[in-house]
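Novice: Coordinates in work-v2.cif, mmCIF, C-alpha atoms, are listed below.
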```cif
data_start
#
loop_
_atom_site.label_atom_id
_atom_site.label_comp_id
_atom_site.auth_asym_id
_atom_site.auth_seq_id
_atom_site.Cartn_x
_atom_site.Cartn_y
_atom_site.Cartn_z
CA MET Q 1 38.78 -20.23 14.73
CA SER Q 2 39.52 -18.10 11.67
CA VAL Q 3 41.79 -19.21 8.85
CA GLN Q 4 45.03 -17.34 8.23
CA LEU Q 5 44.53 -15.01 5.27
CA SER Q 6 47.03 -14.70 2.44
CA PRO Q 7 49.11 -11.51 2.34
CA HIS Q 8 47.08 -10.33 -0.65
CA ALA Q 9 43.79 -10.92 1.20
CA GLU Q 10 45.19 -9.05 4.22
CA GLU Q 11 45.92 -6.09 1.94
CA ILE Q 12 42.31 -6.10 0.76
CA LEU Q 13 41.11 -6.28 4.36
CA SER Q 14 43.36 -3.35 5.27
CA ALA Q 15 41.98 -1.35 2.31
CA TYR Q 16 38.49 -2.14 3.58
CA HIS Q 17 39.27 -0.53 6.94
CA GLU Q 18 40.62 2.57 5.22
CA LYS Q 19 37.55 2.86 3.01
CA LEU Q 20 34.96 2.09 5.68
CA PRO Q 21 33.83 5.75 6.18
CA ILE Q 22 33.51 6.14 2.40
CA LEU Q 23 31.54 2.89 2.14
CA GLN Q 24 29.14 4.10 4.84
CA LYS Q 25 28.73 7.37 2.96
CA LEU Q 26 28.01 5.48 -0.27
CA ALA Q 27 25.44 3.27 1.45
CA GLN Q 28 23.59 6.31 2.78
CA LYS Q 29 23.70 8.19 -0.52
CA THR Q 30 22.52 5.19 -2.54
CA TYR Q 31 19.73 4.49 -0.07
CA ASP Q 32 18.56 8.12 -0.11
CA GLN Q 33 18.56 8.38 -3.90
CA LEU Q 34 16.67 5.14 -4.46
CA ASN Q 35 14.20 5.73 -1.64
CA GLU Q 36 13.40 9.21 -2.96
CA VAL Q 37 12.70 7.98 -6.50
CA LEU Q 38 10.61 5.01 -5.32
CA ARG Q 39 8.43 7.38 -3.32
CA ALA Q 40 8.16 9.85 -6.20
CA GLN Q 41 7.17 7.06 -8.60
CA GLY Q 42 4.55 5.75 -6.17
CA VAL Q 43 5.98 2.23 -6.03
CA GLU Q 44 4.65 0.60 -2.88
CA ILE Q 45 7.36 -1.41 -1.15
CA ASN Q 46 7.53 -3.39 2.05
CA SER Q 47 10.93 -2.02 3.05
CA ILE Q 48 14.28 -0.80 1.80
CA GLU Q 49 17.41 -1.70 3.74
CA ARG Q 50 21.06 -0.71 3.52
CA ARG Q 51 24.20 -2.21 4.99
CA VAL Q 52 27.97 -2.14 4.75
CA LYS Q 53 29.58 -5.57 4.88
CA THR Q 54 31.14 -6.27 8.27
CA GLU Q 55 34.77 -7.21 8.73
CA LYS Q 56 33.74 -10.70 9.85
CA SER Q 57 31.68 -11.23 6.70
CA LEU Q 58 34.42 -9.90 4.42
CA ARG Q 59 37.06 -12.04 6.16
CA GLY Q 60 34.93 -15.14 5.60
CA LYS Q 61 34.61 -14.27 1.93
CA LEU Q 62 38.33 -13.73 1.57
CA GLU Q 63 39.04 -17.04 3.29
CA ILE Q 64 37.04 -18.87 0.63
CA LYS Q 65 37.88 -16.96 -2.54
CA GLY Q 66 40.36 -14.23 -1.71
CA GLY Q 67 42.40 -14.96 -4.84
CA LYS Q 68 39.45 -13.87 -6.99
CA TYR Q 69 39.92 -10.20 -6.09
CA ASN Q 70 42.72 -7.97 -7.36
CA THR Q 71 41.66 -4.86 -5.39
CA ILE Q 72 39.07 -3.90 -2.81
CA ASN Q 73 36.83 -2.56 -5.59
CA ASP Q 74 36.52 -6.06 -7.04
CA VAL Q 75 34.44 -7.00 -4.00
CA THR Q 76 31.13 -5.80 -5.45
CA ASP Q 77 28.88 -6.27 -2.42
CA LEU Q 78 30.70 -4.27 0.25
CA VAL Q 79 27.72 -1.92 0.11
CA GLY Q 80 24.33 -3.55 -0.20
CA ILE Q 81 20.81 -2.23 -0.68
CA ARG Q 82 17.83 -4.56 -0.43
CA VAL Q 83 14.40 -3.58 -1.71
CA ILE Q 84 11.55 -5.80 -0.57
CA THR Q 85 8.27 -5.53 -2.47
CA TYR Q 86 4.84 -6.97 -1.79
CA TYR Q 87 4.29 -8.34 -5.28
CA THR Q 88 6.43 -10.13 -7.86
CA ASP Q 89 5.62 -7.68 -10.66
CA ASP Q 90 6.79 -4.79 -8.48
CA VAL Q 91 10.28 -6.31 -8.49
CA ASP Q 92 10.45 -5.49 -12.19
CA LYS Q 93 9.21 -1.94 -11.53
CA VAL Q 94 11.98 -1.43 -8.99
CA ALA Q 95 14.50 -2.91 -11.42
CA ALA Q 96 13.46 -0.44 -14.12
CA ILE Q 97 13.98 2.44 -11.69
CA VAL Q 98 17.39 1.10 -10.65
CA LYS Q 99 18.48 0.80 -14.31
CA ASN Q 100 17.51 4.41 -14.91
CA LEU Q 101 18.99 5.79 -11.70
CA PHE Q 102 22.35 3.98 -11.59
CA LYS Q 103 24.89 2.46 -13.98
CA VAL Q 104 24.36 -1.30 -13.94
CA ASP Q 105 27.29 -3.68 -14.38
CA TRP Q 106 25.43 -6.31 -16.40
CA GLU Q 107 28.36 -8.72 -16.52
CA ASN Q 108 28.32 -9.13 -12.74
CA SER Q 109 24.56 -8.79 -12.21
CA VAL Q 110 22.29 -11.83 -12.05
CA ASP Q 111 18.57 -12.57 -12.24
CA LYS Q 112 18.29 -15.59 -9.95
CA ARG Q 113 14.61 -15.89 -10.80
CA LYS Q 114 15.65 -17.46 -14.12
CA LEU Q 115 17.58 -20.30 -12.52
CA HIS Q 116 14.35 -22.24 -11.83
CA LYS Q 117 15.81 -24.50 -9.16
CA LEU Q 118 13.12 -26.42 -7.29
CA ASP Q 119 14.42 -25.47 -3.85
CA SER Q 120 15.65 -21.95 -4.61
CA PHE Q 121 12.52 -19.89 -3.87
CA GLY Q 122 14.15 -17.81 -1.15
CA TYR Q 123 17.05 -16.98 -3.45
CA ASN Q 124 14.94 -15.97 -6.46
CA SER Q 125 15.89 -12.34 -6.08
CA LEU Q 126 17.23 -9.96 -8.67
CA HIS Q 127 20.80 -8.80 -8.00
CA TYR Q 128 22.24 -5.74 -9.75
CA ILE Q 129 25.83 -4.56 -9.32
CA CYS Q 130 25.77 -0.78 -9.79
CA HIS Q 131 27.77 2.44 -9.74
CA LEU Q 132 26.58 5.97 -9.13
CA LYS Q 133 25.94 8.00 -12.27
CA ASN Q 134 27.84 11.20 -13.01
CA GLU Q 135 29.78 10.86 -9.78
CA GLU Q 136 33.17 12.46 -9.26
CA GLY Q 137 35.45 12.04 -6.29
CA GLU Q 138 35.75 9.33 -3.67
CA LEU Q 139 32.49 7.49 -4.48
CA LYS Q 140 33.05 7.33 -8.24
CA ASP Q 141 34.43 3.82 -8.80
CA ILE Q 142 33.00 1.93 -5.84
CA PRO Q 143 30.45 -0.75 -6.80
CA PHE Q 144 27.42 -1.61 -4.73
CA GLU Q 145 24.83 -4.36 -4.90
CA ILE Q 146 21.07 -3.89 -5.04
CA GLN Q 147 18.91 -6.93 -4.26
CA MET Q 148 15.23 -6.90 -5.19
CA ARG Q 149 12.83 -9.57 -3.94
CA THR Q 150 9.32 -10.05 -2.61
CA ALA Q 151 8.39 -10.18 1.06
CA LEU Q 152 7.61 -13.91 0.84
CA GLN Q 153 10.98 -14.59 -0.78
CA HIS Q 154 12.68 -12.56 1.94
CA VAL Q 155 10.93 -14.40 4.77
CA TRP Q 156 11.66 -17.79 3.22
CA SER Q 157 15.32 -16.91 2.79
CA ALA Q 158 15.53 -15.87 6.45
CA ILE Q 159 13.89 -19.13 7.55
CA GLU Q 160 16.28 -21.20 5.41
CA HIS Q 161 19.21 -19.39 6.96
CA ASP Q 162 17.86 -19.74 10.49
CA ILE Q 163 17.34 -23.49 10.35
CA GLY Q 164 20.56 -24.10 8.43
CA TYR Q 165 19.05 -25.60 5.29
CA LYS Q 166 21.84 -24.09 3.16
CA GLY Q 167 24.48 -24.87 5.75
CA ALA Q 168 27.14 -27.50 6.01
CA VAL Q 169 24.84 -30.28 7.26
CA LYS Q 170 23.60 -32.46 4.41
CA LEU Q 171 19.91 -33.11 4.90
CA PRO Q 172 18.28 -36.47 4.11
CA PRO Q 173 16.23 -36.59 0.88
CA GLU Q 174 12.88 -36.60 2.69
CA PHE Q 175 13.73 -33.30 4.42
CA ARG Q 176 14.89 -31.72 1.18
CA ARG Q 177 11.63 -32.80 -0.47
CA GLN Q 178 9.71 -31.03 2.31
CA PHE Q 179 11.64 -27.84 1.65
CA SER Q 180 11.00 -28.12 -2.07
CA ARG Q 181 7.26 -28.57 -1.53
CA LEU Q 182 7.08 -25.59 0.80
CA ALA Q 183 9.13 -23.47 -1.58
CA GLY Q 184 6.76 -24.39 -4.40
CA MET Q 185 3.73 -23.47 -2.31
CA LEU Q 186 5.18 -20.07 -1.44
CA GLU Q 187 6.19 -19.40 -5.03
CA LEU Q 188 2.64 -20.18 -6.11
CA ALA Q 189 1.31 -17.86 -3.37
CA ASP Q 190 3.64 -15.09 -4.57
CA ASP Q 191 2.33 -15.43 -8.12
CA GLU Q 192 -1.30 -15.66 -6.99
CA PHE Q 193 -1.06 -12.50 -4.88
CA SER Q 194 0.16 -10.60 -7.94
CA ARG Q 195 -2.58 -12.13 -10.09
CA LEU Q 196 -5.22 -11.27 -7.50
CA ARG Q 197 -4.04 -7.66 -7.37
CA THR Q 198 -4.40 -7.42 -11.14
CA ILE Q 199 -7.90 -8.91 -10.97
CA MET Q 200 -8.91 -6.47 -8.22
CA SER Q 201 -7.52 -3.50 -10.17
CA ASP Q 202 -9.50 -4.55 -13.24
CA TYR Q 203 -12.62 -4.99 -11.11
CA ARG Q 204 -12.24 -1.52 -9.59
CA ARG Q 205 -11.87 0.03 -13.03
CA MET Q 206 -14.99 -1.81 -14.18
CA LEU Q 207 -16.98 -0.49 -11.21
CA GLN Q 208 -15.75 3.04 -11.85
CA GLY Q 209 -16.93 2.72 -15.44
CA LEU Q 210 -20.36 1.50 -14.33
CA VAL Q 211 -20.71 4.42 -11.91
CA LYS Q 212 -19.71 6.99 -14.53
CA SER Q 213 -22.11 5.48 -17.07
CA GLY Q 214 -24.99 5.53 -14.56
CA GLN Q 215 -25.40 1.75 -14.29
CA LEU Q 216 -25.71 2.03 -10.52
CA ASP Q 217 -27.79 -1.11 -10.00
CA GLU Q 218 -24.77 -3.11 -11.15
CA VAL Q 219 -22.46 -1.67 -8.48
CA PRO Q 220 -22.46 -3.16 -4.95
CA LEU Q 221 -22.42 -0.61 -2.15
CA SER Q 222 -18.99 -0.49 -0.51
CA LYS Q 223 -16.46 2.06 0.73
CA GLU Q 224 -14.77 2.30 -2.64
CA SER Q 225 -17.94 2.38 -4.74
CA PHE Q 226 -19.49 4.99 -2.43
CA ARG Q 227 -16.40 7.18 -2.90
CA ASN Q 228 -16.80 6.81 -6.66
CA TYR Q 229 -20.48 7.70 -6.32
CA LEU Q 230 -19.66 10.83 -4.35
CA GLU Q 231 -17.59 12.06 -7.30
CA LEU Q 232 -20.92 12.45 -9.14
CA GLN Q 233 -21.99 14.94 -6.42
CA PRO Q 234 -25.36 13.22 -6.00
CA PHE Q 235 -26.48 15.49 -3.14
CA MET Q 236 -25.42 18.81 -4.68
CA ARG Q 237 -28.81 19.71 -6.21
CA LEU Q 238 -30.58 19.15 -2.89
CA ASN Q 239 -27.85 21.00 -0.99
CA LYS Q 240 -28.17 24.05 -3.23
CA ARG Q 241 -31.94 24.13 -2.73
CA ILE Q 242 -31.47 23.99 1.03
CA ALA Q 243 -28.68 26.59 1.06
CA ALA Q 244 -30.86 28.99 -0.97
CA VAL Q 245 -33.33 29.24 1.94
CA ASN Q 246 -30.95 31.51 3.87
CA GLN Q 247 -28.50 32.23 1.05
CA ALA Q 248 -26.10 30.08 3.04
CA GLU Q 249 -22.61 29.01 2.07
CA LEU Q 250 -21.79 25.30 1.88
CA PHE Q 251 -18.52 24.08 3.36
CA PRO Q 252 -16.91 20.67 2.70
CA ALA Q 253 -17.55 17.83 5.14
CA PRO Q 254 -16.83 14.08 5.06
CA PHE Q 255 -19.61 11.82 3.80
CA MET Q 256 -18.11 8.43 4.67
CA SER Q 257 -19.61 8.39 8.17
CA TYR Q 258 -23.00 7.98 6.49
CA LEU Q 259 -22.05 4.72 4.76
CA PRO Q 260 -22.83 2.49 7.79
CA LEU Q 261 -26.26 4.17 7.97
CA LEU Q 262 -27.00 3.44 4.33
CA GLU Q 263 -25.95 -0.16 4.88
CA ASP Q 264 -28.21 -0.33 7.97
CA PHE Q 265 -31.06 0.83 5.77
CA GLY Q 266 -30.55 -2.34 3.76
CA PHE Q 267 -29.11 -0.70 0.65
CA GLU Q 268 -27.03 -3.18 -1.32
CA THR Q 269 -26.21 -1.27 -4.51
CA LEU Q 270 -25.59 2.31 -5.55
CA GLY Q 271 -28.89 2.04 -7.41
CA ASP Q 272 -30.61 1.63 -4.03
CA VAL Q 273 -28.85 4.78 -2.80
CA GLN Q 274 -29.87 6.75 -5.89
CA ARG Q 275 -33.53 5.73 -5.49
CA PHE Q 276 -33.27 6.77 -1.84
CA VAL Q 277 -32.13 10.22 -3.03
CA ASP Q 278 -34.76 10.50 -5.76
CA ASP Q 279 -37.67 9.36 -3.57
CA ASN Q 280 -36.88 11.54 -0.56
CA SER Q 281 -35.33 14.76 -1.88
CA ASP Q 282 -38.49 16.88 -1.85
CA ASP Q 283 -39.40 15.84 1.69
CA ALA Q 284 -35.80 16.33 2.83
CA TYR Q 285 -35.92 19.87 1.43
CA GLN Q 286 -39.17 20.59 3.26
CA LEU Q 287 -37.65 19.30 6.51
CA ALA Q 288 -34.66 21.60 6.07
CA LEU Q 289 -36.97 24.48 5.19
CA SER Q 290 -38.94 24.09 8.41
CA ASP Q 291 -35.72 23.92 10.39
CA LEU Q 292 -33.97 26.89 8.75
CA ALA Q 293 -36.98 29.16 8.51
CA VAL Q 294 -36.62 30.16 12.16
CA THR Q 295 -32.83 30.61 12.03
CA ASP Q 296 -30.35 32.90 10.32
CA LEU Q 297 -27.72 30.24 9.62
CA ASP Q 298 -25.59 31.28 6.67
CA ILE Q 299 -23.05 28.41 6.73
CA LEU Q 300 -24.14 24.81 6.18
CA SER Q 301 -22.33 21.51 5.89
CA ASP Q 302 -22.12 19.67 2.56
CA THR Q 303 -23.82 16.76 4.31
CA VAL Q 304 -26.98 18.70 5.17
CA GLY Q 305 -28.92 17.15 2.29
CA LEU Q 306 -27.89 13.58 3.06
CA GLN Q 307 -28.63 14.09 6.75
CA ASN Q 308 -32.19 15.16 6.03
CA LEU Q 309 -32.63 12.36 3.51
CA CYS Q 310 -31.79 9.90 6.29
CA PHE Q 311 -34.25 11.47 8.72
CA VAL Q 312 -37.07 11.38 6.19
CA HIS Q 313 -36.28 7.79 5.20
CA VAL Q 314 -36.40 6.61 8.82
CA VAL Q 315 -39.77 8.23 9.53
CA LYS Q 316 -41.29 7.12 6.22
CA ASN Q 317 -40.40 3.55 7.12
CA GLY Q 318 -42.05 3.69 10.54
CA GLY Q 319 -39.08 4.68 12.64
CA GLY Q 320 -39.49 6.71 15.78
CA ILE Q 321 -37.34 8.49 18.35
CA LYS Q 322 -35.17 5.43 18.97
CA GLU Q 323 -34.31 5.01 15.28
CA LEU Q 324 -33.72 8.75 14.76
CA LYS Q 325 -31.45 8.85 17.79
CA ARG Q 326 -29.47 6.00 16.25
CA VAL Q 327 -28.99 8.16 13.15
CA TYR Q 328 -27.69 11.04 15.26
CA ASP Q 329 -25.45 8.64 17.18
CA LYS Q 330 -23.96 7.25 13.96
CA ILE Q 331 -23.34 10.70 12.47
CA TYR Q 332 -22.23 12.73 15.48
CA GLY Q 333 -21.38 10.13 18.09
CA THR Q 334 -23.40 9.01 21.09
CA HIS Q 335 -24.59 11.93 23.23
CA ASP Q 336 -27.46 12.55 25.67
CA ASP Q 337 -28.67 15.53 23.61
CA ASN Q 338 -29.34 13.24 20.67
CA THR Q 339 -32.60 12.09 22.24
CA SER Q 340 -34.05 15.61 22.35
CA LEU Q 341 -32.81 16.22 18.81
CA ALA Q 342 -34.52 13.02 17.67
CA GLU Q 343 -37.78 14.13 19.34
CA LYS Q 344 -37.68 17.47 17.55
CA THR Q 345 -36.84 15.87 14.21
CA LEU Q 346 -39.67 13.35 14.55
CA GLN Q 347 -42.16 16.13 15.21
CA GLN Q 348 -40.95 18.23 12.26
CA THR Q 349 -40.81 15.26 9.87
CA GLY Q 350 -44.20 14.02 11.00
CA ASN Q 351 -45.75 17.40 10.19
CA ILE Q 352 -44.21 17.37 6.70
CA LEU Q 353 -45.31 13.83 5.86
CA LYS Q 354 -48.94 14.26 6.95
#
```
Show the structure stored in the file as structure tokens.

Specialist:
Amino acid sequence: MSVQLSPHAEEILSAYHEKLPILQKLAQKTYDQLNEVLRAQGVEINSIERRVKTEKSLRGKLEIKGGKYNTINDVTDLVGIRVITYYTDDVDKVAAIVKNLFKVDWENSVDKRKLHKLDSFGYNSLHYICHLKNEEGELKDIPFEIQMRTALQHVWSAIEHDIGYKGAVKLPPEFRRQFSRLAGMLELADDEFSRLRTIMSDYRRMLQGLVKSGQLDEVPLSKESFRNYLELQPFMRLNKRIAAVNQAELFPAPFMSYLPLLEDFGFETLGDVQRFVDDNSDDAYQLALSDLAVTDLDILSDTVGLQNLCFVHVVKNGGGIKELKRVYDKIYGTHDDNTSLAEKTLQQTGNILK
């Protein structure tokens, strides 16, 4: 049963109904502007939400503190935007964008992260009350609220609300202690995720530096390190030698499908891959030469060199038709014709390596 509102509160509620289409327009415009800039700046977020306060929610607010507001524009959260990030440090990145994009009402904004209450983890969000910049017309003086928090903070807040922790029921001390412990654990997890991301970013930069400086034995073979290695164009010299046989043109092709093969070969570092290239390039060229000599192919894939390196490596290490077929299966997918291709490749490679 709702409480009877004061005449002044009823006036504010009536003004809300009149302004509802404008509030919905403001919510959409604010959402679009912020979403566009976040994407342009490359800030990775979990989600961005918008809402206009419902009549039920506004009525409840007016029941409690209706005398606080002189006009409808004094209710600063009629329009709300919530930005949910993955990491705590991204909250500050979003805040910097918001400060640049909108006019922030600092007097009514609050950084709840600085309150440091033991059981307030889910409410540790950053709340800015804003106005549109350089806006004329019906949207000019209407405030809106932007909340910024992490995904863990958002989930915890939803759980608190669902089980009524912040509700009217006063919980016994032992239950409140449980909430405080859980909140502390999640806050620690939030901080550790951000720290781990920083550590991983530093590690990636270190690996990139090792690759560029040629210290390949120090770099473990992985998807990311192999991509960095490919930037050195390690197969280009061999490819150009092969293409020169028929004055062929090389066209780009993806190399990542070869990574599982290189791992199957037992390569653990980029140094292992580089030795594989150095030790087998001449034989790989001869294999390509024997194959192209009887054709007039004038377009070749960028992966032609690496493909032949793999064939030569398999045969040099005692592999036969079964192992060569596995190479074809990995590169081109399983197909019945791969067996005959493997037989032909084994014969050609065997003749070269005699």

Novice: So that I can check the surroundings of Leu78 of chain Q, please list as a list in words every protein, DNA and RNA residue that reaches within 8 Å of it, counting all atoms listed in the file and ignoring chain neighbours fewer than 5 positions away.

Specialist: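 So the residues in contact are Leu23, Val52, Lys53, Leu58, Pro143, Phe144 and Glu145 of chain Q.
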
Novice: Determine the residue membership of the PyMOL selection byres ((chain Q and resi 299-315) around 7) for the file above and supply it as a compact mmCIF listing (two decimals) with C-alpha atoms, keeping the file's coordinate frame.

Specialist:
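The result, stored in selection09.txt:
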```
# COMPACT_ATOMS: atom_id res chain seq x y z
CA PHE Q 235 -26.48 15.49 -3.14
CA LEU Q 238 -30.58 19.15 -2.89
CA ASN Q 239 -27.85 21.00 -0.99
CA ALA Q 248 -26.10 30.08 3.04
CA GLU Q 249 -22.61 29.01 2.07
CA LEU Q 250 -21.79 25.30 1.88
CA PHE Q 251 -18.52 24.08 3.36
CA PRO Q 252 -16.91 20.67 2.70
CA ALA Q 253 -17.55 17.83 5.14
CA PHE Q 255 -19.61 11.82 3.80
CA VAL Q 277 -32.13 10.22 -3.03
CA ASN Q 280 -36.88 11.54 -0.56
CA SER Q 281 -35.33 14.76 -1.88
CA ASP Q 283 -39.40 15.84 1.69
CA ALA Q 284 -35.80 16.33 2.83
CA LEU Q 287 -37.65 19.30 6.51
CA ALA Q 288 -34.66 21.60 6.07
CA LEU Q 297 -27.72 30.24 9.62
CA ASP Q 298 -25.59 31.28 6.67
CA LYS Q 316 -41.29 7.12 6.22
CA ASN Q 317 -40.40 3.55 7.12
CA GLY Q 318 -42.05 3.69 10.54
CA GLY Q 319 -39.08 4.68 12.64
CA GLY Q 320 -39.49 6.71 15.78
CA GLU Q 323 -34.31 5.01 15.28
CA LEU Q 324 -33.72 8.75 14.76
CA THR Q 349 -40.81 15.26 9.87
```

Novice: Q:Thr88, Q:Ile142, Q:Glu44, Q:Leu182: which is nearest Ile159 of chain Q, counting only C-alpha atoms?

Specialist: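 Smallest distance to Ile159 of chain Q is found for Q:Leu182.
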
Novice: At most 8 Å from (26.0, 5.6, -9.3), file frame, all atoms listed in the file: which residues, as a list in words?

Specialist: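 Looking at atoms near the point gives Thr30, Leu101, Phe102, Lys103, Cys130, His131, Leu132, Lys133, Asn134, Glu135 and Lys140 of chain Q.
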
Novice: For atom CA of Glu263 of chain Q and atom CA of Ala342 of chain Q, quote the distance in Å rounded to one decimal.

Specialist: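 Between these atoms lies a distance of 20.3 Å.
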
Novice: Name the closest residue to Thr339 of chain Q among the candidates Q:Ile81, Q:Leu221, Q:Ile321, Q:Leu20; distances are taken between atoms, counting only C-alpha atoms.

Specialist: Q:Ile321

Novice: Quick one: everything within 7 Å of Val83 of chain Q, counting all atoms listed in the file, minus sequence neighbours fewer than 5 positions away in the same chain. Send it as JSON, numbers by chain.

Specialist: {"Q": [47, 48, 49, 147, 148, 149]}

Novice: The PyMOL selection byres ((chain Q and resi 91) around 10) - which residues does that actually catch in the file I just gave you? List them as a PyMOL selection string.

Specialist: chain Q and resi 43+45+83-90+92-96+125-126+147-150
